[in-house]
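These notes concern the structure reproduced below.
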Amino acid sequence: MLEQTTVIFACEGALVTARIDGPRLPLPADPHERTMGWVPRITAALASRGLPCILDGKGSVDYISATLPDGLDLLVSPPYEPYEEQPLGAWLAMTVDENGQFREMWWDSQTRGPDRAHAGSIPALLSAVDQRLDTLGVPQRPDPRPILNEEGVWACLFRAGFLRIDEPPGRFYRLPLGMADSHEQQCAVTRAVDALQFEGFEVQCPNELLTGDPRARHKTGPQLYGLDHLASYVTDHARHTRDVVHVLDEVAAPLDGLLDRAVAALHASAEWWRDLGGPDADRFAFRLGLMGDEIERRTQEVLSLRGALADQYASKPPRASSPGPAEHGSQRPQAARTVSPSAGSTAAGNPSGGPAVPPNRSSPKAPGR
């Protein structure tokens, strides 16, 4: 039976934290920085079935190597032939013996390969590899729901204003450093607890971190204004960092943010186009997939910047106004305020006999009065 995921809230000094206690799949080692995005997906899939991987290179081509139970090695890599002669997204998966001699091809989406119709589809490649691993008696991949549970926790905490701290074991969350007001902390924790319990997670939270204030459950400003008006909300109504953070929440929220939805839509469209076939279908589908991968990477950057802004937790200073005539120090405005020489003889007492001019009560007093 799947172990229950529990979220534990605590107050550690001035910091309010949330930690996950529950199962998780082993995380793969950090991929080589100079490799493309296919590497971590493949290494994670193999590692989750108990096959540790190493990343190596043969000439200009990087490849993944994993030792199989029968003593052979599984190699997964792009084709070794000139890149321009291969379809976009072509891959090879083969077994070799201890001397590096070829034994069996598991996947070949090169130009003349049997799997060329699925070039660029990593899920199809992994599915084919999984079928072969099953025949070798490799243990099945553990139930993936713990990972989904963990992502579900992150989605609930994110919407409540928490930040994820990427440090071992990677299951630690906290409220912004600048959020020192205890009532605001209580409102954030209350929102998080409500969302987690609604999704079915177990929660452990001290009563002093919760509030009965109904405002804790109110919608944020961007939610009230709607997704069509996020930019105008920032321009016209954002007065605090939390206002802009709420806008970034709508943009980069895990699972249901605008960017996450865009990534899912691009990948789904790429797969659909690839299945449709036709001239350049594989090439165009591959380009859509690359765009989705790029947006996914940029989403992580937005999340990082959202955290930096949330930690400031400060009001925006009022916009500096243009200096008025009485505040300007240049010679020209000072001369404009000086009584002209011709008017000097008609100063106090009006000796010229002209009509006295009543003071303009709407105008500012002259300097010095």
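Identifiers for the structure tokens are assigned positionally: chains receive A, B, ... in sequence, residues are indexed from 1 per chain, and ligands are indexed from 1 in the order shown.
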Test item, helix (DSSP H, G or I) assignment across range 43-217 of chain A, answer as number ranges by chain
A: 43-47, 83-85, 116-118, 122-135, 145-160, 182-198, 207-209, 214-217
Please save C-alpha atoms of the selected residues as an mmCIF file, in the first residue's frame.
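Wrote it out as out.cif, contents follow:
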data_model
loop_
_atom_site.group_PDB
_atom_site.id
_atom_site.type_symbol
_atom_site.label_atom_id
_atom_site.label_comp_id
_atom_site.auth_asym_id
_atom_site.auth_seq_id
_atom_site.Cartn_x
_atom_site.Cartn_y
_atom_site.Cartn_z
ATOM 1 C CA THR A 43 18.883 8.670 -16.966
ATOM 2 C CA ALA A 44 15.974 9.257 -14.579
ATOM 3 C CA ALA A 45 13.895 6.571 -16.284
ATOM 4 C CA LEU A 46 16.718 4.010 -16.130
ATOM 5 C CA ALA A 47 17.732 4.911 -12.572
ATOM 6 C CA TYR A 83 23.952 14.827 -38.187
ATOM 7 C CA GLU A 84 22.756 16.459 -41.400
ATOM 8 C CA GLU A 85 22.025 13.026 -42.863
ATOM 9 C CA ARG A 116 12.102 6.353 -37.887
ATOM 10 C CA ALA A 117 8.383 7.222 -37.757
ATOM 11 C CA HIS A 118 8.837 8.046 -34.046
ATOM 12 C CA ILE A 122 11.572 10.190 -26.078
ATOM 13 C CA PRO A 123 8.447 8.558 -24.537
ATOM 14 C CA ALA A 124 8.355 6.089 -27.446
ATOM 15 C CA LEU A 125 12.065 5.351 -26.999
ATOM 16 C CA LEU A 126 11.655 4.792 -23.243
ATOM 17 C CA SER A 127 8.614 2.571 -23.821
ATOM 18 C CA ALA A 128 10.617 0.331 -26.165
ATOM 19 C CA VAL A 129 13.503 0.155 -23.693
ATOM 20 C CA ASP A 130 11.102 -0.687 -20.850
ATOM 21 C CA GLN A 131 9.685 -3.626 -22.822
ATOM 22 C CA ARG A 132 13.171 -5.071 -23.277
ATOM 23 C CA LEU A 133 14.036 -4.512 -19.609
ATOM 24 C CA ASP A 134 10.881 -6.411 -18.636
ATOM 25 C CA THR A 135 12.093 -9.482 -20.551
ATOM 26 C CA ARG A 145 2.350 8.544 -7.442
ATOM 27 C CA PRO A 146 4.768 9.672 -4.693
ATOM 28 C CA ILE A 147 6.383 12.057 -7.184
ATOM 29 C CA LEU A 148 2.961 13.266 -8.287
ATOM 30 C CA ASN A 149 2.027 13.727 -4.658
ATOM 31 C CA GLU A 150 5.116 15.816 -4.081
ATOM 32 C CA GLU A 151 4.325 18.008 -7.067
ATOM 33 C CA GLY A 152 0.771 18.354 -5.773
ATOM 34 C CA VAL A 153 2.104 19.568 -2.425
ATOM 35 C CA TRP A 154 4.288 22.113 -4.187
ATOM 36 C CA ALA A 155 1.324 23.407 -6.188
ATOM 37 C CA CYS A 156 -0.731 23.952 -3.013
ATOM 38 C CA LEU A 157 2.098 25.631 -1.118
ATOM 39 C CA PHE A 158 3.031 27.771 -4.112
ATOM 40 C CA ARG A 159 -0.438 29.299 -4.375
ATOM 41 C CA ALA A 160 -0.333 30.072 -0.647
ATOM 42 C CA SER A 182 2.462 37.037 12.356
ATOM 43 C CA HIS A 183 -1.076 37.600 11.038
ATOM 44 C CA GLU A 184 0.110 37.498 7.425
ATOM 45 C CA GLN A 185 2.025 34.316 8.180
ATOM 46 C CA GLN A 186 -1.097 32.775 9.706
ATOM 47 C CA CYS A 187 -3.166 33.702 6.647
ATOM 48 C CA ALA A 188 -0.616 32.087 4.319
ATOM 49 C CA VAL A 189 -0.409 28.896 6.383
ATOM 50 C CA THR A 190 -4.216 28.699 6.636
ATOM 51 C CA ARG A 191 -4.541 28.939 2.842
ATOM 52 C CA ALA A 192 -1.920 26.230 2.418
ATOM 53 C CA VAL A 193 -3.523 23.872 4.955
ATOM 54 C CA ASP A 194 -6.968 24.300 3.387
ATOM 55 C CA ALA A 195 -5.632 23.534 -0.096
ATOM 56 C CA LEU A 196 -3.607 20.510 1.064
ATOM 57 C CA GLN A 197 -6.496 18.999 3.004
ATOM 58 C CA PHE A 198 -8.833 19.562 0.059
ATOM 59 C CA ASN A 207 -2.795 25.897 16.075
ATOM 60 C CA GLU A 208 -0.840 29.105 16.628
ATOM 61 C CA LEU A 209 0.068 29.129 12.906
ATOM 62 C CA PRO A 214 -12.054 34.838 6.590
ATOM 63 C CA ARG A 215 -9.781 37.178 4.621
ATOM 64 C CA ALA A 216 -7.209 34.375 4.546
ATOM 65 C CA ARG A 217 -9.419 32.625 2.013
#
When DSSP is applied to the backbone of this structure, which of range 24-234 of chain A are assigned strand (DSSP E)? Write them out as an MDAnalysis selection string.
chainID A and resid 53:58 61:67 73:77 92:96 102:108 163:165 172:174 202:204
For each of A:Ala265, A:Gly100, A:Ala90, A:Leu51, take the minimum atom-to-atom distance to Gly113 in chain A, counting only C-alpha atoms, then give the residue where this is smallest.
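Among A:Ala265, A:Gly100, A:Ala90, A:Leu51, it is A:Ala90 that comes nearest to Gly113 in chain A.
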So, counting only C-alpha atoms, which residue among A:Arg297, A:Lys316, A:His218, A:Arg306 is closest to Arg239 in chain A?
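Among A:Arg297, A:Lys316, A:His218, A:Arg306, it is A:Lys316 that comes nearest to Arg239 in chain A.
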Give me, as a PyMOL selection string, all polymer residues having an atom no more than 9 Å from Gly71 in chain A, counting only C-alpha atoms and skipping those fewer than 2 positions away in the same chain.
chain A and resi 67-69+73+97-98
Residue nearest Val245 in chain A among A:Arg274, A:Val302, A:Cys205, A:Ala285 (counting only C-alpha atoms):
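Once distances to Val245 in chain A are computed over only C-alpha atoms, the minimum belongs to A:Val302.
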Name the residues in contact with Asp228 in chain A at a cut-off of 12 Å, using only C-alpha atoms, excluding same-chain residues fewer than 4 positions from it; report them as a VMD selection string.
chain A and resid 222 to 224 232 to 233 247 250 to 251 258
